[in-house]
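Engineer: This is coords02.json (JSON, C-alpha atoms).
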[["chain", "number", "residue", "atom", "x", "y", "z"],
["U", 1, "MET", "CA", 109.41, 93.56, 117.10],
["U", 2, "ARG", "CA", 108.69, 96.52, 114.83],
["U", 3, "LEU", "CA", 109.53, 100.01, 116.07],
["U", 4, "TYR", "CA", 108.08, 103.22, 114.75],
["U", 5, "ILE", "CA", 110.50, 106.02, 115.50],
["U", 6, "HIS", "CA", 109.16, 109.56, 115.80],
["U", 7, "ARG", "CA", 111.52, 112.54, 115.47],
["U", 8, "PRO", "CA", 111.14, 116.19, 116.41],
["U", 9, "GLY", "CA", 109.22, 118.48, 114.10],
["U", 10, "THR", "CA", 108.23, 115.98, 111.43],
["U", 11, "ASN", "CA", 105.32, 113.64, 110.83],
["U", 12, "ASP", "CA", 107.53, 111.29, 108.84],
["U", 13, "ILE", "CA", 108.05, 108.10, 110.79],
["U", 14, "ASP", "CA", 111.04, 105.79, 110.54],
["U", 15, "THR", "CA", 110.46, 102.08, 110.81],
["U", 16, "LEU", "CA", 112.78, 99.54, 112.30],
["U", 17, "LYS", "CA", 111.72, 95.99, 111.54],
["U", 18, "ASP", "CA", 112.90, 93.21, 113.80],
["U", 19, "ALA", "CA", 114.27, 95.61, 116.39],
["U", 20, "PRO", "CA", 116.44, 93.82, 118.94],
["U", 21, "THR", "CA", 114.71, 93.84, 122.28],
["U", 22, "ASP", "CA", 117.86, 93.31, 124.32],
["U", 23, "THR", "CA", 119.92, 96.17, 122.86],
["U", 24, "PRO", "CA", 120.08, 99.55, 124.62],
["U", 25, "LEU", "CA", 117.74, 102.04, 122.97],
["U", 26, "GLY", "CA", 120.60, 104.46, 122.47],
["U", 27, "GLN", "CA", 122.19, 102.00, 120.07],
["U", 28, "ILE", "CA", 118.97, 101.51, 118.13],
["U", 29, "LEU", "CA", 117.95, 105.17, 117.74],
["U", 30, "VAL", "CA", 120.60, 106.42, 115.32],
["U", 31, "ASP", "CA", 119.20, 109.96, 115.04],
["U", 32, "VAL", "CA", 118.92, 110.65, 118.73],
["U", 33, "VAL", "CA", 120.97, 113.60, 119.93],
["U", 34, "GLU", "CA", 122.65, 113.66, 123.33],
["U", 35, "GLY", "CA", 120.20, 115.19, 125.73],
["U", 36, "ASP", "CA", 117.10, 114.00, 123.88],
["U", 37, "PHE", "CA", 114.34, 112.52, 125.94],
["U", 38, "VAL", "CA", 112.90, 109.21, 124.79],
["U", 39, "PHE", "CA", 109.29, 108.15, 125.31],
["U", 40, "VAL", "CA", 107.81, 104.75, 124.54],
["U", 41, "ASP", "CA", 104.19, 104.39, 123.35],
["U", 42, "ASP", "CA", 101.91, 106.60, 125.48],
["U", 43, "ASN", "CA", 104.02, 106.56, 128.61],
["U", 44, "GLY", "CA", 104.45, 110.14, 129.78],
["U", 45, "GLU", "CA", 107.73, 109.45, 131.57],
["U", 46, "PRO", "CA", 110.95, 109.36, 129.54],
["U", 47, "VAL", "CA", 113.13, 106.28, 129.59],
["U", 48, "ASP", "CA", 116.88, 105.89, 129.91],
["U", 49, "LEU", "CA", 118.71, 105.37, 126.62],
["U", 50, "GLN", "CA", 120.93, 102.83, 128.30],
["U", 51, "ILE", "CA", 118.18, 100.37, 128.93],
["U", 52, "ALA", "CA", 116.81, 97.87, 126.45],
["U", 53, "LEU", "CA", 113.24, 97.48, 125.23],
["U", 54, "ILE", "CA", 112.92, 94.22, 127.09],
["U", 55, "GLU", "CA", 113.22, 96.20, 130.32],
["U", 56, "ILE", "CA", 110.43, 98.63, 129.34],
["U", 57, "VAL", "CA", 107.76, 96.69, 127.57],
["U", 58, "GLU", "CA", 106.24, 93.27, 127.98],
["U", 59, "VAL", "CA", 107.90, 91.53, 125.05],
["U", 60, "GLY", "CA", 105.38, 89.41, 123.21],
["U", 61, "SER", "CA", 102.34, 91.39, 124.27],
["U", 62, "ARG", "CA", 102.52, 93.52, 121.13],
["U", 63, "HIS", "CA", 104.53, 93.19, 117.97],
["U", 64, "HIS", "CA", 105.11, 96.90, 117.54],
["U", 65, "HIS", "CA", 105.92, 99.94, 119.64],
["U", 66, "HIS", "CA", 106.27, 103.64, 119.11],
["U", 67, "VAL", "CA", 109.41, 105.39, 120.27],
["U", 68, "HIS", "CA", 109.56, 109.19, 120.36],
["U", 69, "HIS", "CA", 112.78, 111.13, 120.86],
["U", 70, "HIS", "CA", 112.73, 114.87, 121.34],
["U", 71, "PRO", "CA", 114.87, 117.53, 123.03],
["U", 72, "CYS", "CA", 111.88, 118.59, 125.16],
["U", 73, "ARG", "CA", 110.85, 116.77, 128.32],
["U", 74, "SER", "CA", 107.50, 118.51, 128.08],
["U", 75, "ILE", "CA", 105.84, 120.80, 125.54],
["U", 76, "SER", "CA", 103.72, 123.78, 126.43],
["U", 77, "VAL", "CA", 100.65, 123.82, 124.20],
["U", 78, "SER", "CA", 98.83, 127.13, 124.13],
["U", 79, "VAL", "CA", 95.35, 126.71, 122.71],
["U", 80, "SER", "CA", 93.42, 129.67, 121.37],
["U", 81, "TYR", "CA", 89.61, 129.67, 121.28],
["U", 82, "ASN", "CA", 87.37, 132.66, 120.67],
["U", 83, "GLY", "CA", 90.03, 135.11, 121.77],
["U", 84, "ARG", "CA", 90.96, 133.20, 124.92],
["U", 85, "PHE", "CA", 94.03, 131.12, 125.61],
["U", 86, "GLU", "CA", 94.48, 128.05, 127.74],
["U", 87, "ASP", "CA", 97.75, 126.22, 128.38],
["U", 88, "VAL", "CA", 97.55, 122.47, 128.00],
["U", 89, "GLY", "CA", 100.53, 120.44, 129.12],
["U", 90, "ALA", "CA", 101.88, 117.72, 126.87],
["U", 91, "THR", "CA", 104.84, 115.46, 126.24],
["U", 92, "PRO", "CA", 106.21, 114.80, 122.76],
["U", 93, "ASN", "CA", 104.19, 111.57, 122.54],
["U", 94, "THR", "CA", 100.91, 113.21, 123.52],
["U", 95, "THR", "CA", 98.39, 112.98, 120.70],
["U", 96, "VAL", "CA", 96.41, 115.82, 119.15],
["U", 97, "GLU", "CA", 93.31, 113.95, 120.27],
["U", 98, "ASP", "CA", 94.38, 114.17, 123.90],
["U", 99, "VAL", "CA", 95.21, 117.85, 123.59],
["U", 100, "LEU", "CA", 91.84, 118.45, 121.93],
["U", 101, "THR", "CA", 90.01, 116.67, 124.74],
["U", 102, "ASN", "CA", 91.93, 118.58, 127.41],
["U", 103, "ALA", "CA", 91.43, 121.90, 125.64],
["U", 104, "ILE", "CA", 87.67, 121.39, 125.33],
["U", 105, "SER", "CA", 87.56, 120.65, 129.04],
["U", 106, "ALA", "CA", 89.79, 123.58, 129.93],
["U", 107, "PHE", "CA", 87.55, 126.01, 128.04],
["U", 108, "GLY", "CA", 84.41, 124.50, 129.55],
["U", 109, "ILE", "CA", 82.97, 123.70, 126.13],
["U", 110, "ASP", "CA", 79.95, 121.39, 126.08],
["U", 111, "PRO", "CA", 80.42, 117.99, 124.41],
["U", 112, "VAL", "CA", 77.99, 118.72, 121.58],
["U", 113, "THR", "CA", 79.87, 121.84, 120.55],
["U", 114, "GLY", "CA", 83.18, 120.17, 121.21],
["U", 115, "ALA", "CA", 82.42, 117.32, 118.82],
["U", 116, "ASP", "CA", 82.65, 119.75, 115.91],
["U", 117, "LEU", "CA", 85.90, 121.39, 116.96],
["U", 118, "VAL", "CA", 89.36, 120.68, 115.63],
["U", 119, "LEU", "CA", 92.89, 121.90, 116.26],
["U", 120, "ARG", "CA", 94.95, 123.69, 113.64],
["U", 121, "LEU", "CA", 98.30, 125.37, 113.52],
["U", 122, "PRO", "CA", 97.92, 129.16, 113.25],
["U", 123, "GLY", "CA", 97.85, 130.42, 109.69],
["U", 124, "THR", "CA", 96.79, 127.06, 108.26],
["U", 125, "ASP", "CA", 93.44, 125.58, 107.30],
["U", 126, "ALA", "CA", 94.42, 121.94, 107.78],
["U", 127, "ASP", "CA", 92.72, 120.05, 110.60],
["U", 128, "LEU", "CA", 95.39, 118.27, 112.62],
["U", 129, "PRO", "CA", 94.71, 114.51, 112.60],
["U", 130, "ALA", "CA", 93.75, 113.17, 116.01],
["U", 131, "SER", "CA", 96.48, 110.55, 115.89],
["U", 132, "ARG", "CA", 99.30, 112.99, 115.27],
["U", 133, "HIS", "CA", 101.81, 113.45, 118.09],
["U", 134, "ILE", "CA", 102.62, 116.86, 119.50],
["U", 135, "GLY", "CA", 106.36, 116.30, 119.20],
["U", 136, "SER", "CA", 105.99, 116.14, 115.42],
["U", 137, "LEU", "CA", 104.74, 119.74, 115.48],
["U", 138, "VAL", "CA", 107.66, 121.08, 117.49],
["U", 139, "PRO", "CA", 111.10, 121.27, 115.89],
["U", 140, "ARG", "CA", 114.35, 121.34, 117.81],
["U", 141, "GLY", "CA", 115.02, 124.62, 119.57],
["U", 142, "ILE", "CA", 111.61, 125.27, 121.12],
["U", 143, "CYS", "CA", 109.39, 123.48, 123.61],
["U", 144, "SER", "CA", 106.09, 125.13, 122.90],
["U", 145, "VAL", "CA", 103.41, 125.36, 120.25],
["U", 146, "THR", "CA", 100.27, 127.39, 119.73],
["U", 147, "LEU", "CA", 97.16, 125.74, 118.30],
["U", 148, "ASN", "CA", 93.82, 127.18, 117.28],
["U", 149, "LEU", "CA", 90.64, 125.46, 118.40],
["U", 150, "VAL", "CA", 88.09, 126.06, 115.66],
["U", 151, "PRO", "CA", 85.05, 124.49, 114.02],
["U", 152, "GLY", "CA", 86.06, 121.88, 111.48],
["U", 153, "HIS", "CA", 85.32, 122.20, 107.80],
["U", 154, "ARG", "CA", 82.20, 120.30, 106.79],
["U", 155, "GLU", "CA", 81.33, 119.35, 103.25],
["U", 156, "GLN", "CA", 78.14, 121.03, 102.05],
["U", 157, "GLY", "CA", 76.25, 121.72, 98.89],
["R", 1, "MET", "CA", 98.72, 92.86, 103.85],
["R", 2, "THR", "CA", 98.49, 90.91, 100.62],
["R", 3, "THR", "CA", 100.47, 92.94, 98.17],
["R", 4, "THR", "CA", 99.79, 92.20, 94.55],
["R", 5, "THR", "CA", 100.11, 94.34, 91.48],
["R", 6, "GLY", "CA", 98.56, 94.15, 88.06],
["R", 7, "GLY", "CA", 100.47, 92.77, 85.12],
["R", 8, "ASP", "CA", 103.47, 90.47, 85.04],
["R", 9, "ALA", "CA", 104.75, 90.07, 88.57],
["R", 10, "LEU", "CA", 108.33, 89.92, 87.25],
["R", 11, "GLU", "CA", 108.12, 93.31, 85.59],
["R", 12, "ALA", "CA", 108.46, 96.50, 87.58],
["R", 13, "PRO", "CA", 105.37, 98.69, 87.24],
["R", 14, "THR", "CA", 105.76, 101.47, 84.71],
["R", 15, "ASP", "CA", 102.51, 103.32, 85.26],
["R", 16, "PRO", "CA", 103.56, 106.29, 87.40],
["R", 17, "ALA", "CA", 100.26, 106.06, 89.26],
["R", 18, "GLU", "CA", 100.99, 102.47, 90.21],
["R", 19, "VAL", "CA", 104.53, 103.37, 91.24],
["R", 20, "ALA", "CA", 103.26, 106.22, 93.43],
["R", 21, "LEU", "CA", 100.55, 104.06, 94.95],
["R", 22, "HIS", "CA", 102.99, 101.24, 95.70],
["R", 23, "SER", "CA", 105.26, 103.70, 97.49],
["R", 24, "ASP", "CA", 102.46, 105.22, 99.54],
["R", 25, "LEU", "CA", 101.04, 101.85, 100.55],
["R", 26, "ALA", "CA", 104.45, 100.94, 101.95],
["R", 27, "SER", "CA", 104.80, 104.16, 103.96],
["R", 28, "PRO", "CA", 105.61, 103.80, 107.67],
["R", 29, "ASN", "CA", 102.70, 106.10, 108.52],
["R", 30, "LEU", "CA", 100.26, 103.68, 106.90],
["R", 31, "LEU", "CA", 101.90, 100.64, 108.44],
["R", 32, "ALA", "CA", 101.78, 102.31, 111.84],
["R", 33, "ALA", "CA", 98.10, 103.15, 111.45],
["R", 34, "ALA", "CA", 97.40, 99.50, 110.65],
["R", 35, "ASP", "CA", 99.48, 98.22, 113.54],
["R", 36, "ASP", "CA", 97.69, 100.66, 115.84],
["R", 37, "GLY", "CA", 94.35, 99.28, 114.64],
["R", 38, "ARG", "CA", 93.08, 102.54, 113.13],
["R", 39, "PHE", "CA", 92.99, 101.77, 109.40],
["R", 40, "GLY", "CA", 94.94, 99.75, 106.89],
["R", 41, "VAL", "CA", 95.09, 97.91, 103.58],
["R", 42, "VAL", "CA", 93.88, 94.35, 103.09],
["R", 43, "SER", "CA", 95.06, 93.89, 99.53],
["R", 44, "TRP", "CA", 95.58, 95.72, 96.30],
["R", 45, "GLN", "CA", 95.84, 95.08, 92.62],
["R", 46, "PHE", "CA", 96.30, 98.27, 90.71],
["R", 47, "PRO", "CA", 94.26, 100.35, 90.39],
["R", 48, "VAL", "CA", 92.06, 98.88, 93.14],
["R", 49, "VAL", "CA", 92.89, 98.97, 96.84],
["R", 50, "ILE", "CA", 90.81, 97.17, 99.47],
["R", 51, "ALA", "CA", 91.20, 98.96, 102.80],
["R", 52, "TRP", "CA", 89.62, 98.86, 106.24],
["R", 53, "ILE", "CA", 88.64, 101.44, 108.82],
["R", 54, "ALA", "CA", 88.23, 100.54, 112.47],
["R", 55, "LEU", "CA", 84.82, 101.19, 114.01],
["R", 56, "GLY", "CA", 85.30, 100.24, 117.63],
["R", 57, "ASP", "CA", 86.18, 96.55, 117.61],
["R", 58, "ALA", "CA", 84.78, 96.07, 114.11],
["R", 59, "ARG", "CA", 86.17, 96.96, 110.71],
["R", 60, "VAL", "CA", 84.37, 98.40, 107.74],
["R", 61, "GLY", "CA", 85.79, 97.82, 104.28],
["R", 62, "LEU", "CA", 86.50, 100.37, 101.60],
["R", 63, "ARG", "CA", 87.17, 99.70, 97.94],
["R", 64, "LEU", "CA", 89.27, 102.45, 96.38],
["R", 65, "ASP", "CA", 89.74, 103.00, 92.67],
["R", 66, "CYS", "CA", 93.12, 104.68, 92.32],
["R", 67, "VAL", "CA", 93.32, 105.37, 88.61],
["R", 68, "ALA", "CA", 95.66, 108.33, 87.93],
["R", 69, "TYR", "CA", 96.74, 108.41, 91.58],
["R", 70, "PRO", "CA", 97.66, 110.85, 93.11],
["R", 71, "THR", "CA", 96.80, 113.40, 90.43],
["R", 72, "GLN", "CA", 93.23, 112.22, 90.83],
["R", 73, "ALA", "CA", 91.76, 111.43, 94.21],
["R", 74, "PRO", "CA", 90.80, 107.83, 94.95],
["R", 75, "ALA", "CA", 87.16, 106.94, 94.41],
["R", 76, "GLY", "CA", 85.87, 105.01, 97.40],
["R", 77, "GLN", "CA", 82.87, 102.88, 98.26],
["R", 78, "LEU", "CA", 81.93, 100.83, 101.30],
["R", 79, "TRP", "CA", 82.96, 97.23, 100.86],
["R", 80, "ASP", "CA", 81.98, 93.91, 102.42],
["R", 81, "LEU", "CA", 85.33, 92.36, 103.32],
["R", 82, "GLN", "CA", 83.82, 88.88, 103.73],
["R", 83, "ALA", "CA", 81.70, 88.76, 100.59],
["R", 84, "ASN", "CA", 84.14, 90.88, 98.56],
["R", 85, "GLY", "CA", 81.37, 93.03, 97.18],
["R", 86, "ALA", "CA", 79.64, 96.33, 97.78],
["R", 87, "LEU", "CA", 78.39, 96.66, 101.36],
["R", 88, "PRO", "CA", 74.59, 96.60, 101.37],
["R", 89, "LEU", "CA", 72.91, 99.84, 102.42],
["R", 90, "GLU", "CA", 71.30, 98.26, 105.49],
["R", 91, "ARG", "CA", 74.80, 97.45, 106.82],
["R", 92, "TRP", "CA", 76.32, 100.89, 106.36],
["R", 93, "PRO", "CA", 77.83, 102.57, 109.43],
["R", 94, "ARG", "CA", 75.48, 104.47, 111.71],
["R", 95, "GLY", "CA", 76.00, 107.06, 114.40],
["R", 96, "GLY", "CA", 78.42, 109.90, 114.81],
["R", 97, "ARG", "CA", 78.74, 111.61, 111.43],
["R", 98, "ALA", "CA", 78.45, 108.37, 109.46],
["R", 99, "GLU", "CA", 75.20, 109.32, 107.72],
["R", 100, "GLN", "CA", 76.60, 112.73, 106.78],
["R", 101, "VAL", "CA", 79.52, 111.00, 105.12],
["R", 102, "PHE", "CA", 77.96, 107.87, 103.63],
["R", 103, "ARG", "CA", 74.72, 109.64, 102.95],
["R", 104, "PRO", "CA", 71.74, 107.44, 102.19],
["R", 105, "ASP", "CA", 70.34, 110.28, 100.05],
["R", 106, "TRP", "CA", 73.47, 110.78, 97.96],
["R", 107, "SER", "CA", 76.07, 108.04, 98.19],
["R", 108, "PRO", "CA", 74.04, 105.15, 96.67],
["R", 109, "SER", "CA", 73.45, 107.12, 93.47],
["R", 110, "ASN", "CA", 77.11, 108.10, 93.37],
["R", 111, "GLY", "CA", 78.74, 104.71, 93.43],
["R", 112, "GLY", "CA", 78.61, 104.47, 97.20],
["R", 113, "ALA", "CA", 81.12, 107.30, 97.51],
["R", 114, "PRO", "CA", 81.76, 109.13, 100.78],
["R", 115, "TYR", "CA", 80.64, 112.76, 100.82],
["R", 116, "LEU", "CA", 84.16, 113.95, 101.53],
["R", 117, "ALA", "CA", 86.52, 116.37, 99.84],
["R", 118, "CYS", "CA", 89.18, 113.69, 99.61],
["R", 119, "ASP", "CA", 87.06, 111.55, 97.28],
["R", 120, "ARG", "CA", 87.13, 111.78, 93.48],
["R", 121, "VAL", "CA", 83.41, 111.27, 92.93],
["R", 122, "ALA", "CA", 82.38, 113.73, 95.63],
["R", 123, "LEU", "CA", 84.86, 116.33, 94.36],
["R", 124, "ARG", "CA", 83.63, 115.94, 90.78],
["R", 125, "GLY", "CA", 80.18, 117.03, 91.87],
["R", 126, "HIS", "CA", 81.46, 119.87, 94.02],
["R", 127, "PRO", "CA", 84.19, 121.79, 92.19],
["R", 128, "ASP", "CA", 83.87, 124.64, 94.69],
["R", 129, "TRP", "CA", 85.17, 122.48, 97.52],
["R", 130, "ALA", "CA", 88.77, 123.00, 96.45],
["R", 131, "ARG", "CA", 88.24, 126.68, 97.22],
["R", 132, "THR", "CA", 85.90, 126.51, 100.19],
["R", 133, "LEU", "CA", 87.46, 123.59, 102.04],
["R", 134, "GLY", "CA", 91.09, 124.48, 101.43],
["R", 135, "SER", "CA", 93.57, 121.80, 102.36],
["R", 136, "LYS", "CA", 90.85, 119.29, 103.14],
["R", 137, "ALA", "CA", 90.22, 118.86, 99.41],
["R", 138, "TRP", "CA", 92.38, 116.31, 97.63],
["R", 139, "ASP", "CA", 95.41, 117.50, 95.73],
["R", 140, "SER", "CA", 98.33, 115.69, 94.16],
["R", 141, "GLN", "CA", 100.45, 116.12, 97.29],
["R", 142, "LYS", "CA", 98.11, 113.99, 99.34],
["R", 143, "THR", "CA", 98.53, 110.27, 99.91],
["R", 144, "MET", "CA", 96.48, 107.22, 100.76],
["R", 145, "VAL", "CA", 97.14, 107.95, 104.43],
["R", 146, "ASP", "CA", 95.43, 111.32, 104.07],
["R", 147, "TYR", "CA", 92.40, 109.70, 102.42],
["R", 148, "LEU", "CA", 92.01, 106.95, 104.99],
["R", 149, "GLU", "CA", 92.70, 109.35, 107.86],
["R", 150, "GLN", "CA", 89.86, 111.61, 106.66],
["R", 151, "VAL", "CA", 87.42, 108.74, 106.38],
["R", 152, "ALA", "CA", 88.47, 107.37, 109.76],
["R", 153, "SER", "CA", 88.07, 110.78, 111.36],
["R", 154, "ALA", "CA", 84.66, 111.26, 109.77],
["R", 155, "LEU", "CA", 83.50, 107.86, 111.05],
["R", 156, "ARG", "CA", 84.56, 108.39, 114.66],
["R", 157, "GLY", "CA", 81.79, 107.33, 116.95],
["R", 158, "ALA", "CA", 80.06, 105.31, 114.22],
["R", 159, "VAL", "CA", 79.17, 101.64, 114.52],
["R", 160, "LEU", "CA", 78.22, 98.88, 112.15],
["R", 161, "PRO", "CA", 74.64, 97.67, 112.50],
["R", 162, "ALA", "CA", 74.29, 94.22, 114.02],
["R", 163, "VAL", "CA", 73.92, 91.58, 111.36],
["R", 164, "THR", "CA", 70.64, 89.71, 111.72],
["R", 165, "SER", "CA", 70.26, 86.36, 110.05]]
Represent the structure from my file as structure tokens, please.
Structural biologist:
Amino acid sequence: MRLYIHRPGTNDIDTLKDAPTDTPLGQILVDVVEGDFVFVDDNGEPVDLQIALIEIVEVGSRHHHHVHHHPCRSISVSVSYNGRFEDVGATPNTTVEDVLTNAISAFGIDPVTGADLVLRLPGTDADLPASRHIGSLVPRGICSVTLNLVPGHREQG
Amino acid sequence: MTTTTGGDALEAPTDPAEVALHSDLASPNLLAAADDGRFGVVSWQFPVVIAWIALGDARVGLRLDCVAYPTQAPAGQLWDLQANGALPLERWPRGGRAEQVFRPDWSPSNGGAPYLACDRVALRGHPDWARTLGSKAWDSQKTMVDYLEQVASALRGAVLPAVTS
């Protein structure tokens, strides 16, 4: 089983090929710090580091899994849109896509307008990819992030 | 993924573009995207990469010319993964923003290129994009993941037309 290991504050993923499914996660995740929460795939509840993958996932159903470790149990995402702010709850393994969907709903934006909107970190002009995980935007030491909801760049001319 | 390189298979590649491409194609972020069913690489022989983008349950192929990678952006075109040739216009993706990206009025006369700031051909015809589109435009710090992620994002909601015999 292949594991993709996601760490706080970075989009760089570590890969563990042929991860043992019967070994406690705490022995597999070499970078995890005591107190870190560990999330598997899109499950919003953290798992115990003492249990093995075989106790969490249906071994054989997939050949890969994503494991996220982060000091935050939850991350407060404050989304700014047209001068207003809405707080969208997230866990480190929540995707930008999910935050975007929830933010559009929270602001009451119609789907047509919403289809052209993207999330960006303040002070940047890079659209955050939908597949990116919120935990990768939040380094150790904080459990919150502010994102701007703005129209995406469109090629013209 | 079938991983092949040009030249003698026993010799390590010396072209820095090939070395950089090889490294990026092996990146965990790209492998994860493929495992997650979002996009991936079918095969490559420098400087050409054959990639795929998920459109629902289907996949659309992309042929990418990666000469001078990553100093130059890849040059992409839609690709028929079965026939191993250019995807005919009548089978191009539809819906969502597909026809703003693979524009019937522009892409065919530009080698089938996507109208995106990550693509070499599109950028060549729009030198102002580096200024007006900021970080969306290709630069030498970007990787194959960035290219495929942009195409995948642009094709969200698109579908492949049903093939009629």
Engineer: When you look at R:Glu149 with a cut-off of 10 Å (counting all atoms listed in the file), what residues show up, excluding the ones that are within fewer than 6 positions of it in the same chain? I need them as a PyMOL selection string.
Structural biologist: (chain U and resi 129-131) or (chain R and resi 30+33+38-40+53+118+143+155)
Engineer: Could you dump the residues just selected with C-alpha atoms as a PDB file, keeping the file's coordinate frame?
Structural biologist:
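result-v9.pdb was written with the following content:
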ATOM      1  CA  PRO U 129      94.710 114.510 112.600  1.00  0.00           C
ATOM      2  CA  ALA U 130      93.750 113.170 116.010  1.00  0.00           C
ATOM      3  CA  SER U 131      96.480 110.550 115.890  1.00  0.00           C
TER       4      SER U 131
ATOM      5  CA  LEU R  30     100.260 103.680 106.900  1.00  0.00           C
ATOM      6  CA  ALA R  33      98.100 103.150 111.450  1.00  0.00           C
ATOM      7  CA  ARG R  38      93.080 102.540 113.130  1.00  0.00           C
ATOM      8  CA  PHE R  39      92.990 101.770 109.400  1.00  0.00           C
ATOM      9  CA  GLY R  40      94.940  99.750 106.890  1.00  0.00           C
ATOM     10  CA  ILE R  53      88.640 101.440 108.820  1.00  0.00           C
ATOM     11  CA  CYS R 118      89.180 113.690  99.610  1.00  0.00           C
ATOM     12  CA  THR R 143      98.530 110.270  99.910  1.00  0.00           C
ATOM     13  CA  LEU R 155      83.500 107.860 111.050  1.00  0.00           C
TER      14      LEU R 155
END
Engineer: Name the closest residue to R:Pro28 among the candidates U:Ile13, U:Val67, U:Val33, U:Ile5; distances are taken between atoms, counting all atoms listed in the file.
Structural biologist: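 When distances to R:Pro28 are compared using all atoms listed in the file, the smallest one comes from U:Ile13.
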Engineer: Ranking R:Val163, R:Ala113, R:Ala12, R:Ala73 by minimum distance to R:Gln141 and counting only C-alpha atoms, which one comes first?
Structural biologist: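 So, comparing all the options, the nearest one is R:Ala73.
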Engineer: Please indicate the distance in Å from atom CA of U:Asn102 to atom CA of U:Val88, rounded to one decimal place.
Structural biologist: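 Computed distance, atom CA of U:Asn102 to atom CA of U:Val88, equals 6.9 Å.
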Engineer: Give me the residues within 7 Å of U:Thr146 as a PDB file with C-alpha atoms, keeping the file's coordinate frame, counting all atoms listed in the file and dropping any in the same chain fewer than 3 places off.
Structural biologist:
ATOM      1  CA  VAL U  77     100.650 123.820 124.200  1.00  0.00           C
ATOM      2  CA  SER U  78      98.830 127.130 124.130  1.00  0.00           C
ATOM      3  CA  VAL U  79      95.350 126.710 122.710  1.00  0.00           C
ATOM      4  CA  LEU U 121      98.300 125.370 113.520  1.00  0.00           C
TER       5      LEU U 121
END
Engineer: Would you mind telling me which residue in R:Ala98, R:Gly61, R:Asp15, R:Pro93 lies nearest to R:Leu78 when using only C-alpha atoms?
Structural biologist: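 Checking each of R:Ala98, R:Gly61, R:Asp15, R:Pro93 against R:Leu78, counting only C-alpha atoms, the winner is R:Gly61.
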Engineer: At what distance in Å, to one decimal, does atom CA of R:Leu64 lie from atom CA of R:Ile50?
Structural biologist: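 Distance between the two atoms: 6.3 Å.
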Engineer: Counting all atoms listed in the file, which of R:Pro161, R:Trp92, R:Asn110, R:Pro70 gets nearest to R:Asp24?
Structural biologist: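 Among the listed residues, the smallest separation from R:Asp24 belongs to R:Pro70.
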Engineer: Identify, on the basis of only C-alpha atoms, every residue whose closest approach to U:Leu137 does not exceed 8 Å; exclude the query and any residue fewer than 4 positions from it along the same chain; express the result as a PyMOL selection string.
Structural biologist: chain U and resi 8-11+133+145
